[in-house]
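my_file17.tsv follows (TSV, C-alpha atoms):
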chain	number	residue	atom	x	y	z
A	161	MET	CA	-83.39	68.80	49.39
A	162	THR	CA	-81.17	71.41	47.78
A	163	LYS	CA	-81.05	71.38	44.01
A	164	PHE	CA	-77.67	70.97	42.45
A	165	ASN	CA	-76.21	74.41	41.95
A	166	LEU	CA	-73.50	73.16	39.63
A	167	ARG	CA	-75.88	73.24	36.73
A	168	ALA	CA	-73.60	75.38	34.58
A	169	GLU	CA	-70.77	72.90	34.87
A	170	GLY	CA	-73.14	70.09	34.02
A	171	GLU	CA	-74.26	71.80	30.88
A	172	LYS	CA	-70.74	72.19	29.62
A	173	SER	CA	-70.08	68.48	29.66
A	174	ILE	CA	-73.10	67.27	27.73
A	175	MET	CA	-71.17	66.25	24.67
A	176	GLY	CA	-69.80	62.75	24.52
A	177	PHE	CA	-71.42	61.51	27.68
A	178	GLN	CA	-69.86	58.19	28.58
A	179	ILE	CA	-69.15	56.19	31.67
A	180	ASN	CA	-65.47	56.22	30.78
A	181	ASN	CA	-65.17	59.95	31.32
A	182	LEU	CA	-67.79	60.41	33.95
A	183	LYS	CA	-66.54	63.14	36.25
A	184	GLY	CA	-67.21	66.02	38.60
A	185	ILE	CA	-70.86	66.83	38.79
A	186	TYR	CA	-72.02	63.36	37.68
A	187	ILE	CA	-70.01	61.66	40.39
A	188	ASP	CA	-71.51	64.04	42.95
A	189	VAL	CA	-75.00	63.26	41.70
A	190	LEU	CA	-74.34	59.52	41.89
A	191	LYS	CA	-73.02	59.96	45.41
A	192	GLU	CA	-76.20	61.80	46.32
A	193	ILE	CA	-78.28	59.03	44.76
A	194	GLY	CA	-76.30	56.50	46.78
A	195	ASN	CA	-76.89	58.56	49.91
A	196	ILE	CA	-80.60	58.81	49.38
A	197	GLY	CA	-81.04	55.21	48.32
A	198	ALA	CA	-78.99	53.76	51.15
A	199	GLY	CA	-80.52	56.14	53.67
A	200	ASN	CA	-83.93	54.80	52.83
A	201	ALA	CA	-82.64	51.23	52.81
A	202	ALA	CA	-81.10	51.73	56.26
A	203	THR	CA	-84.40	53.07	57.60
A	204	SER	CA	-86.27	50.05	56.24
A	205	LEU	CA	-83.70	47.67	57.68
A	206	SER	CA	-83.88	49.45	61.00
A	207	LYS	CA	-87.66	48.96	61.10
A	208	MET	CA	-87.31	45.32	60.16
A	209	ILE	CA	-84.82	44.41	62.88
A	210	ASN	CA	-86.13	47.00	65.31
A	211	THR	CA	-82.76	48.56	66.10
A	212	LYS	CA	-80.90	51.66	65.05
A	213	VAL	CA	-78.95	51.27	61.83
A	214	ASP	CA	-76.30	53.84	60.92
A	215	MET	CA	-74.80	54.40	57.54
A	216	GLU	CA	-71.60	55.88	56.26
A	217	VAL	CA	-71.21	58.27	53.37
A	218	PRO	CA	-71.23	56.13	50.22
A	219	SER	CA	-68.22	55.89	48.01
A	220	ILE	CA	-68.37	55.92	44.25
A	221	GLU	CA	-65.84	53.97	42.33
A	222	ILE	CA	-65.40	53.68	38.62
A	223	LEU	CA	-63.53	50.50	37.88
A	224	ASP	CA	-62.41	48.50	34.90
A	225	THR	CA	-65.11	45.89	34.35
A	226	GLU	CA	-62.52	43.12	34.51
A	227	LYS	CA	-61.21	44.38	37.86
A	228	ILE	CA	-64.59	44.27	39.54
A	229	VAL	CA	-64.10	40.72	40.78
A	230	GLU	CA	-61.12	41.83	42.85
A	231	ILE	CA	-62.91	44.47	44.93
A	232	LEU	CA	-64.37	42.07	47.44
A	233	GLY	CA	-61.01	40.62	48.32
A	234	GLY	CA	-60.96	37.47	46.26
A	235	GLU	CA	-62.85	35.74	43.51
A	236	GLU	CA	-63.48	32.66	45.60
A	237	LEU	CA	-64.91	34.46	48.63
A	238	ILE	CA	-68.47	33.34	49.30
A	239	VAL	CA	-70.95	36.19	49.04
A	240	VAL	CA	-74.68	36.69	48.84
A	241	GLY	CA	-75.96	38.44	45.75
A	242	VAL	CA	-79.49	39.80	45.38
A	243	TYR	CA	-80.39	40.74	41.87
A	244	ILE	CA	-83.35	42.80	40.66
A	245	SER	CA	-84.20	44.50	37.43
A	246	PHE	CA	-85.99	47.80	37.21
A	247	PHE	CA	-87.97	49.28	34.36
A	248	ASN	CA	-90.33	52.08	33.25
A	249	ASP	CA	-88.84	55.60	32.93
A	250	ILE	CA	-85.40	54.15	33.46
A	251	ASN	CA	-84.32	50.57	32.81
A	252	GLY	CA	-81.52	48.55	34.20
A	253	THR	CA	-80.52	46.20	36.95
A	254	MET	CA	-79.31	46.42	40.48
A	255	LEU	CA	-77.17	43.96	42.34
A	256	LEU	CA	-76.76	44.03	46.10
A	257	ILE	CA	-73.76	42.13	47.43
A	258	LEU	CA	-73.40	41.22	51.07
A	259	ASP	CA	-70.34	39.42	52.29
A	260	LYS	CA	-71.00	36.19	54.16
A	261	GLU	CA	-70.27	37.79	57.53
A	262	SER	CA	-72.77	40.57	56.88
A	263	SER	CA	-75.50	38.19	55.82
A	264	ASP	CA	-74.78	36.01	58.88
A	265	ASN	CA	-75.13	39.14	61.02
A	266	LEU	CA	-78.36	40.14	59.36
A	267	LEU	CA	-79.89	36.73	59.79
A	268	SER	CA	-78.76	36.59	63.42
A	269	MET	CA	-80.49	39.91	64.09
A	270	LEU	CA	-83.62	38.79	62.32
A	271	PHE	CA	-83.93	35.39	63.95
A	272	GLY	CA	-82.47	36.48	67.28
A	273	LYS	CA	-79.91	33.67	67.39
A	274	LYS	CA	-76.37	33.20	66.14
A	275	ILE	CA	-76.15	31.96	62.56
A	276	GLU	CA	-72.84	30.80	61.19
A	277	SER	CA	-73.60	27.82	59.01
A	278	GLU	CA	-71.67	27.31	55.80
A	279	PHE	CA	-74.83	26.85	53.79
A	280	TYR	CA	-78.13	28.51	54.48
A	281	ASN	CA	-81.34	26.56	54.79
A	282	GLU	CA	-84.49	27.34	52.85
A	283	MET	CA	-85.87	29.61	55.54
A	284	GLU	CA	-82.65	31.62	55.74
A	285	ILE	CA	-82.47	31.99	51.96
A	286	SER	CA	-86.05	33.13	51.86
A	287	ALA	CA	-85.27	35.66	54.62
A	288	LEU	CA	-82.29	36.93	52.63
A	289	GLN	CA	-84.50	37.26	49.58
A	290	GLU	CA	-86.92	39.34	51.62
A	291	ILE	CA	-84.13	41.48	53.04
A	292	GLY	CA	-82.84	41.96	49.51
A	293	ASN	CA	-86.29	42.89	48.36
A	294	ILE	CA	-86.73	45.47	51.10
A	295	LEU	CA	-83.26	46.97	50.77
A	296	SER	CA	-83.32	47.21	47.01
A	297	SER	CA	-86.89	48.42	46.70
A	298	SER	CA	-86.38	51.12	49.32
A	299	TYR	CA	-83.20	52.10	47.52
A	300	ILE	CA	-84.97	52.37	44.17
A	301	ASN	CA	-88.05	54.03	45.67
A	302	ALA	CA	-85.89	56.77	47.12
A	303	ILE	CA	-84.30	57.38	43.73
A	304	SER	CA	-87.71	57.41	42.13
A	305	ALA	CA	-89.08	59.97	44.59
A	306	PHE	CA	-85.96	62.10	44.33
A	307	SER	CA	-85.83	62.16	40.55
A	308	ASN	CA	-89.58	62.14	39.89
A	309	LEU	CA	-89.15	59.14	37.61
A	310	LYS	CA	-91.47	56.17	37.56
A	311	ILE	CA	-89.51	53.03	38.38
A	312	ASN	CA	-90.85	49.52	38.88
A	313	ILE	CA	-88.83	46.59	40.11
A	314	SER	CA	-88.89	42.83	39.56
A	315	VAL	CA	-88.97	40.09	42.17
A	316	PRO	CA	-85.45	39.64	43.56
A	317	CYS	CA	-83.26	36.62	42.91
A	318	VAL	CA	-80.70	35.39	45.41
A	319	SER	CA	-77.50	33.58	44.66
A	320	ILE	CA	-74.92	32.48	47.22
A	321	ASP	CA	-71.71	31.66	45.46
A	322	MET	CA	-68.15	32.75	44.72
A	323	ALA	CA	-67.74	36.53	44.42
A	324	GLY	CA	-66.13	36.16	41.00
A	325	SER	CA	-69.07	34.22	39.63
A	326	ILE	CA	-71.69	36.60	40.96
A	327	LEU	CA	-69.80	39.70	39.92
A	328	SER	CA	-69.41	38.32	36.42
A	329	VAL	CA	-73.10	39.21	35.98
A	330	PRO	CA	-72.67	43.00	36.29
A	331	ALA	CA	-69.27	42.77	34.58
A	332	ILE	CA	-70.91	41.18	31.54
A	333	GLU	CA	-73.83	43.56	31.54
A	334	TYR	CA	-71.56	46.57	31.72
A	335	GLY	CA	-69.03	44.93	29.45
A	336	GLN	CA	-71.43	45.33	26.57
A	337	ILE	CA	-71.59	49.10	26.86
A	338	SER	CA	-68.38	50.18	28.52
A	339	ASP	CA	-64.98	49.14	29.81
A	340	LYS	CA	-65.79	50.73	33.14
A	341	ILE	CA	-68.35	49.99	35.78
A	342	ILE	CA	-69.86	52.32	38.36
A	343	LEU	CA	-70.02	51.02	41.87
A	344	ILE	CA	-71.89	52.70	44.69
A	345	GLU	CA	-70.69	51.23	47.95
A	346	ASN	CA	-72.70	51.68	51.11
A	347	LYS	CA	-71.85	50.57	54.62
A	348	LEU	CA	-74.60	50.05	57.12
A	349	LYS	CA	-73.90	49.53	60.80
A	350	GLU	CA	-75.90	48.14	63.67
A	351	GLY	CA	-74.05	48.45	66.99
A	352	ASN	CA	-70.82	46.52	66.56
A	353	ASN	CA	-72.20	44.47	63.70
A	354	GLU	CA	-71.05	45.87	60.47
A	355	ILE	CA	-73.22	45.14	57.49
A	356	VAL	CA	-71.34	45.99	54.37
A	357	GLY	CA	-73.62	46.23	51.40
A	358	LYS	CA	-72.39	47.01	47.96
A	359	PHE	CA	-75.06	48.28	45.64
A	360	PHE	CA	-74.31	48.08	41.95
A	361	LEU	CA	-76.77	50.34	40.25
A	362	MET	CA	-76.67	49.63	36.56
A	363	PRO	CA	-78.97	51.75	34.45
A	364	ASP	CA	-78.58	51.16	30.75
A	365	ILE	CA	-76.75	53.95	28.96
A	366	ASP	CA	-79.90	55.82	27.84
A	367	SER	CA	-81.31	55.65	31.34
A	368	PHE	CA	-78.20	57.36	32.68
A	369	LYS	CA	-79.09	60.30	30.48
A	370	VAL	CA	-82.74	60.24	31.59
A	371	LEU	CA	-81.62	60.13	35.21
A	372	PHE	CA	-79.17	62.98	34.87
A	373	LYS	CA	-81.65	65.03	32.87
A	374	SER	CA	-84.38	64.60	35.44
A	375	LEU	CA	-81.98	65.81	38.10
A	376	GLY	CA	-81.10	68.85	36.02
A	377	VAL	CA	-77.44	68.11	35.46
A	378	LEU	CA	-77.75	67.16	31.82
A	379	LYS	CA	-79.56	69.46	29.40
A	380	ASP	CA	-81.62	68.30	26.43
A	381	GLU	CA	-79.48	67.79	23.39
B	167	MET	CA	-42.33	22.28	41.17
B	168	SER	CA	-45.33	23.51	39.31
B	169	ASN	CA	-45.72	27.09	38.39
B	170	ILE	CA	-49.16	28.64	38.82
B	171	ILE	CA	-50.32	31.12	36.20
B	172	LYS	CA	-53.49	33.05	36.94
B	173	VAL	CA	-55.85	33.95	34.16
B	174	GLY	CA	-58.08	36.94	34.97
B	175	MET	CA	-61.45	37.87	33.58
B	176	ALA	CA	-61.21	38.80	29.88
B	177	ASP	CA	-57.68	37.48	29.78
B	178	TYR	CA	-55.77	34.55	28.33
B	179	LYS	CA	-52.45	32.88	29.16
B	180	ILE	CA	-50.28	30.15	27.74
B	181	GLY	CA	-48.38	27.60	29.79
B	182	LYS	CA	-45.88	24.78	29.20
B	183	GLU	CA	-45.05	21.48	30.89
B	184	ASN	CA	-44.84	22.39	34.58
B	185	ASP	CA	-47.33	25.20	34.49
B	186	ILE	CA	-50.78	25.17	36.02
B	187	LEU	CA	-53.25	27.60	34.51
B	188	ILE	CA	-56.04	28.70	36.81
B	189	THR	CA	-59.04	30.98	36.64
B	190	LEU	CA	-61.19	31.67	39.68
B	191	GLY	CA	-64.92	32.06	40.05
B	192	LEU	CA	-66.21	31.58	36.53
B	193	GLY	CA	-69.88	32.54	36.45
B	194	SER	CA	-71.56	33.23	33.14
B	195	CYS	CA	-68.12	33.57	31.62
B	196	VAL	CA	-66.60	30.57	29.88
B	197	GLY	CA	-63.15	29.15	30.50
B	198	ILE	CA	-61.62	27.62	27.36
B	199	VAL	CA	-58.60	25.36	27.53
B	200	LEU	CA	-56.70	24.32	24.41
B	201	TYR	CA	-53.97	21.72	24.62
B	202	ASP	CA	-51.29	20.13	22.49
B	203	LYS	CA	-50.63	16.87	24.32
B	204	PHE	CA	-47.46	16.10	22.37
B	205	LYS	CA	-45.73	19.45	22.95
B	206	LYS	CA	-47.38	19.92	26.35
B	207	VAL	CA	-48.44	23.45	25.50
B	208	GLY	CA	-51.69	24.58	27.10
B	209	GLY	CA	-53.66	27.79	26.76
B	210	MET	CA	-56.52	29.11	28.84
B	211	ALA	CA	-58.92	31.95	28.01
B	212	HIS	CA	-61.60	33.47	30.25
B	213	ILE	CA	-64.15	35.07	27.94
B	214	MET	CA	-67.07	37.28	28.98
B	215	LEU	CA	-69.14	37.76	25.84
B	216	PRO	CA	-70.02	35.70	22.76
B	217	SER	CA	-69.11	38.04	19.94
B	218	SER	CA	-66.88	41.05	19.34
B	219	LYS	CA	-69.03	41.98	16.36
B	220	GLU	CA	-72.09	42.92	18.43
B	221	ILE	CA	-70.20	45.45	20.51
B	222	LYS	CA	-68.51	48.77	19.83
B	223	ASN	CA	-66.09	48.51	22.72
B	224	ASN	CA	-64.17	45.54	21.40
B	225	SER	CA	-60.50	46.44	21.75
B	226	ASN	CA	-59.79	43.72	24.33
B	227	LYS	CA	-59.67	40.58	22.21
B	228	ALA	CA	-59.61	38.28	25.23
B	229	LYS	CA	-63.09	39.44	26.23
B	230	PHE	CA	-64.96	37.74	23.38
B	231	ALA	CA	-65.34	34.11	22.38
B	232	ASP	CA	-64.59	34.69	18.70
B	233	THR	CA	-61.47	36.85	19.01
B	234	ALA	CA	-60.08	35.17	22.14
B	235	ILE	CA	-60.02	31.74	20.47
B	236	GLU	CA	-58.26	33.17	17.41
B	237	GLU	CA	-55.61	34.86	19.59
B	238	LEU	CA	-55.15	31.78	21.74
B	239	ILE	CA	-54.56	29.53	18.72
B	240	THR	CA	-52.10	31.99	17.13
B	241	ASP	CA	-50.09	32.40	20.32
B	242	MET	CA	-50.02	28.69	21.06
B	243	ILE	CA	-48.63	27.99	17.60
B	244	LYS	CA	-45.92	30.58	18.31
B	245	LYS	CA	-45.06	28.64	21.49
B	246	GLY	CA	-44.64	25.42	19.53
B	247	ALA	CA	-48.10	23.89	19.49
B	248	SER	CA	-49.46	22.40	16.31
B	249	LYS	CA	-52.97	23.48	15.35
B	250	ASN	CA	-54.15	20.07	14.16
B	251	ARG	CA	-53.20	18.48	17.47
B	252	LEU	CA	-55.18	20.93	19.60
B	253	THR	CA	-58.03	19.63	21.71
B	254	ALA	CA	-60.36	21.67	23.87
B	255	LYS	CA	-62.02	21.51	27.28
B	256	ILE	CA	-64.55	24.08	28.35
B	257	ALA	CA	-66.26	25.07	31.61
B	258	GLY	CA	-68.58	27.80	32.88
B	259	GLY	CA	-71.50	29.51	31.19
B	260	ALA	CA	-73.72	29.34	34.26
B	261	GLN	CA	-76.85	31.36	34.81
B	262	MET	CA	-76.23	32.87	38.23
B	263	PHE	CA	-79.62	34.49	38.70
B	264	ASN	CA	-82.83	32.91	37.60
B	265	ILE	CA	-84.77	35.92	36.34
B	266	SER	CA	-87.01	35.56	33.32
B	267	ILE	CA	-87.64	39.21	32.40
B	268	LYS	CA	-84.28	40.09	30.96
B	269	SER	CA	-83.64	36.63	29.63
B	270	ASP	CA	-81.34	37.90	26.92
B	271	THR	CA	-78.68	39.27	29.26
B	272	LEU	CA	-79.10	36.61	31.87
B	273	ASN	CA	-78.82	33.79	29.43
B	274	ILE	CA	-75.50	35.15	28.36
B	275	GLY	CA	-73.86	32.06	29.85
B	276	LYS	CA	-75.66	29.82	27.40
B	277	ARG	CA	-74.92	32.18	24.52
B	278	ASN	CA	-71.25	32.18	25.49
B	279	VAL	CA	-71.14	28.37	25.45
B	280	ILE	CA	-72.81	28.22	22.03
B	281	ALA	CA	-70.42	30.84	20.61
B	282	VAL	CA	-67.37	28.99	21.96
B	283	LYS	CA	-68.54	25.68	20.48
B	284	GLU	CA	-69.22	27.27	17.11
B	285	LYS	CA	-65.81	28.91	16.99
B	286	LEU	CA	-64.01	25.73	17.99
B	287	SER	CA	-65.82	23.67	15.38
B	288	GLU	CA	-64.96	26.32	12.78
B	289	HIS	CA	-61.31	25.61	13.61
B	290	LYS	CA	-61.99	21.85	13.69
B	291	ILE	CA	-60.87	21.61	17.30
B	292	SER	CA	-62.74	18.88	19.12
B	293	ILE	CA	-64.08	19.36	22.64
B	294	ILE	CA	-62.96	16.38	24.70
B	295	GLY	CA	-64.38	17.52	28.03
B	296	GLU	CA	-66.95	20.01	29.23
B	297	ASP	CA	-68.69	21.15	32.39
B	298	VAL	CA	-71.02	23.94	31.42
B	299	LEU	CA	-74.33	25.70	32.24
B	300	GLY	CA	-76.08	25.14	35.58
B	301	ASN	CA	-76.57	27.89	38.14
B	302	TYR	CA	-73.32	27.87	40.10
B	303	GLY	CA	-69.82	29.30	39.84
B	304	ARG	CA	-66.69	27.31	39.08
B	305	THR	CA	-62.96	27.58	39.63
B	306	ILE	CA	-60.85	25.72	37.07
B	307	GLU	CA	-57.23	24.53	37.09
B	308	PHE	CA	-55.48	23.12	34.07
B	309	ASN	CA	-52.40	20.97	34.41
B	310	CYS	CA	-50.21	21.50	31.33
B	311	TYR	CA	-48.26	18.33	32.08
B	312	ASN	CA	-51.06	15.78	31.98
B	313	GLY	CA	-53.87	17.76	30.38
B	314	GLU	CA	-56.24	17.39	33.33
B	315	LEU	CA	-58.78	20.09	34.01
B	316	ALA	CA	-59.90	20.24	37.66
B	317	ILE	CA	-63.20	21.95	38.40
B	318	LYS	CA	-64.27	23.17	41.83
B	319	ALA	CA	-67.71	24.47	42.78
B	320	ILE	CA	-69.08	25.45	46.18
B	321	GLY	CA	-70.74	22.49	47.85
B	322	LYS	CA	-69.95	20.24	44.92
B	323	GLY	CA	-66.36	19.32	45.64
B	324	ARG	CA	-63.75	18.87	42.97
B	325	LYS	CA	-63.94	16.91	39.75
B	326	ILE	CA	-61.58	16.26	36.89
B	327	ILE	CA	-62.42	16.23	33.21
Take the structure in the file and give it back as structure tokens.
Amino acid sequence: MTKFNLRAEGEKSIMGFQINNLKGIYIDVLKEIGNIGAGNAATSLSKMINTKVDMEVPSIEILDTEKIVEILGGEELIVVGVYISFFNDINGTMLLILDKESSDNLLSMLFGKKIESEFYNEMEISALQEIGNILSSSYINAISAFSNLKINISVPCVSIDMAGSILSVPAIEYGQISDKIILIENKLKEGNNEIVGKFFLMPDIDSFKVLFKSLGVLKDE
Amino acid sequence: MSNIIKVGMADYKIGKENDILITLGLGSCVGIVLYDKFKKVGGMAHIMLPSSKEIKNNSNKAKFADTAIEELITDMIKKGASKNRLTAKIAGGAQMFNISIKSDTLNIGKRNVIAVKEKLSEHKISIIGEDVLGNYGRTIEFNCYNGELAIKAIGKGRKII
């Protein structure tokens, strides 16, 4: 892994670090974190379903917290949300959102039969919880290994509900510290089945600094 | 013909007679509806957090229970409503994920509901209907003509309060 050679630029922008004016080097670092996290998640998923899983380059978006509900194409769209919190050297939460089609696809691959029911049964929910656990823990583990930070994660929680309702959780969490929210979007692909996963990585504001410092883009103040 | 007015997250809108105020996918947020039955003036706010005083970033008044209710009342009076006739209906404040570690953040739904009730009672506005808490999202529609608040939740159908 090449170290970031934009160190000088990073050092210049130490003052007034905020999500609102997050730019340049920090965005690149977040993109790299998204890459590493999702890469590891894709590998784990691939092992689980025993097929090749490809991923696309992640995109980083900084959105108004209130606009977040619109990104999935409608507040009333049914989505699956898997929520975990992480703690130790950095603290925060992570939310993985899968649209209904993606979670149907995942379950179909896992159980080897077509799944298109409107509501999932207990077994399917428990499978989704496990998928969420694997995807999010491999995501976080990769970040931990990459940044040399100790990070533990909680047991995941699953909620299947309207996108607006589920996304109100990160919107509220972020809403307390900033008007903007950082979204790392990753697309995973298995053959023709597209699995679109949106990872919302939400370190608290101090953890952002710890993370950037450990990666050498933010110098000690 | 009714006219549909959409209320976004951290937003509030006022409607009259033929208007229908709607907000989609309320989770831990709370939807507050105030209504003057006589003048048929209705207002809906979609708040995200209990108090503007706990947070530095508080320029958007519609985001917080305390400031949003104040703004809503003021604007409704401007549109002809009378404060002593206002009644309230509230919905939302769910806990979407059942995690116990960070109970403070995740119980924000409950804290929102408490803050809304406190603020309304401070203004002596009585709550004549509510559908709050639980662990599921809600879409709400307020009819400014008859004062009915319709609530939809996935797998739970539609009910009117």
Problem set entry | Exercise answer, chain B residues close to chain A, 9 Å and only C-alpha atoms, as a ChimeraX atom specification | /B:174-177,190-195,214-215,220-224,229,260-265,267-268,271-272,274,301-305,319-321
What's the 8 Å shell around Leu252 of chain B, counting all atoms listed in the file, without same-chain residues fewer than 5 positions away, as a PDB file with C-alpha atoms, in the frame of the given file?
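So part11.pdb came out as:
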ATOM      1  CA  LEU B 200     -56.700  24.320  24.410  1.00  0.00           C
ATOM      2  CA  TYR B 201     -53.970  21.720  24.620  1.00  0.00           C
ATOM      3  CA  ASP B 202     -51.290  20.130  22.490  1.00  0.00           C
ATOM      4  CA  LYS B 203     -50.630  16.870  24.320  1.00  0.00           C
ATOM      5  CA  ALA B 247     -48.100  23.890  19.490  1.00  0.00           C
ATOM      6  CA  ILE B 291     -60.870  21.610  17.300  1.00  0.00           C
ATOM      7  CA  SER B 292     -62.740  18.880  19.120  1.00  0.00           C
TER       8      SER B 292
END
Problem set entry | Separation of atom CA of Lys274 of chain A from atom CA of Glu290 of chain A in Å |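 One can read the atom CA of Glu290 of chain A to atom CA of Lys274 of chain A distance as 19.0 Å.
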Problem set entry | Shortest interatomic distance to Gly376 of chain A - which of A:Ile185, A:Lys349, A:Ile257, A:Asp264, counting only C-alpha atoms |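 Counting only C-alpha atoms, the residue closest to Gly376 of chain A is A:Ile185.
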Exercise. Between atom CA of Arg277 of chain B and atom CA of Gly258 of chain B, what is the spacing in Å?
Worked result: 11.4 Å
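Distance-wise, atom CA of Leu378 of chain A and atom CA of Asn312 of chain A end up 23.1 Å apart.
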Around all listed atoms of segment 308-321 of chain B, padded 5 Å per side, what centre and edge lengths does the axis-aligned box have in Å to one decimal, as JSON?
{"center_x": -59.5, "center_y": 20.6, "center_z": 39.1, "size_x": 32.5, "size_y": 19.7, "size_z": 27.5}
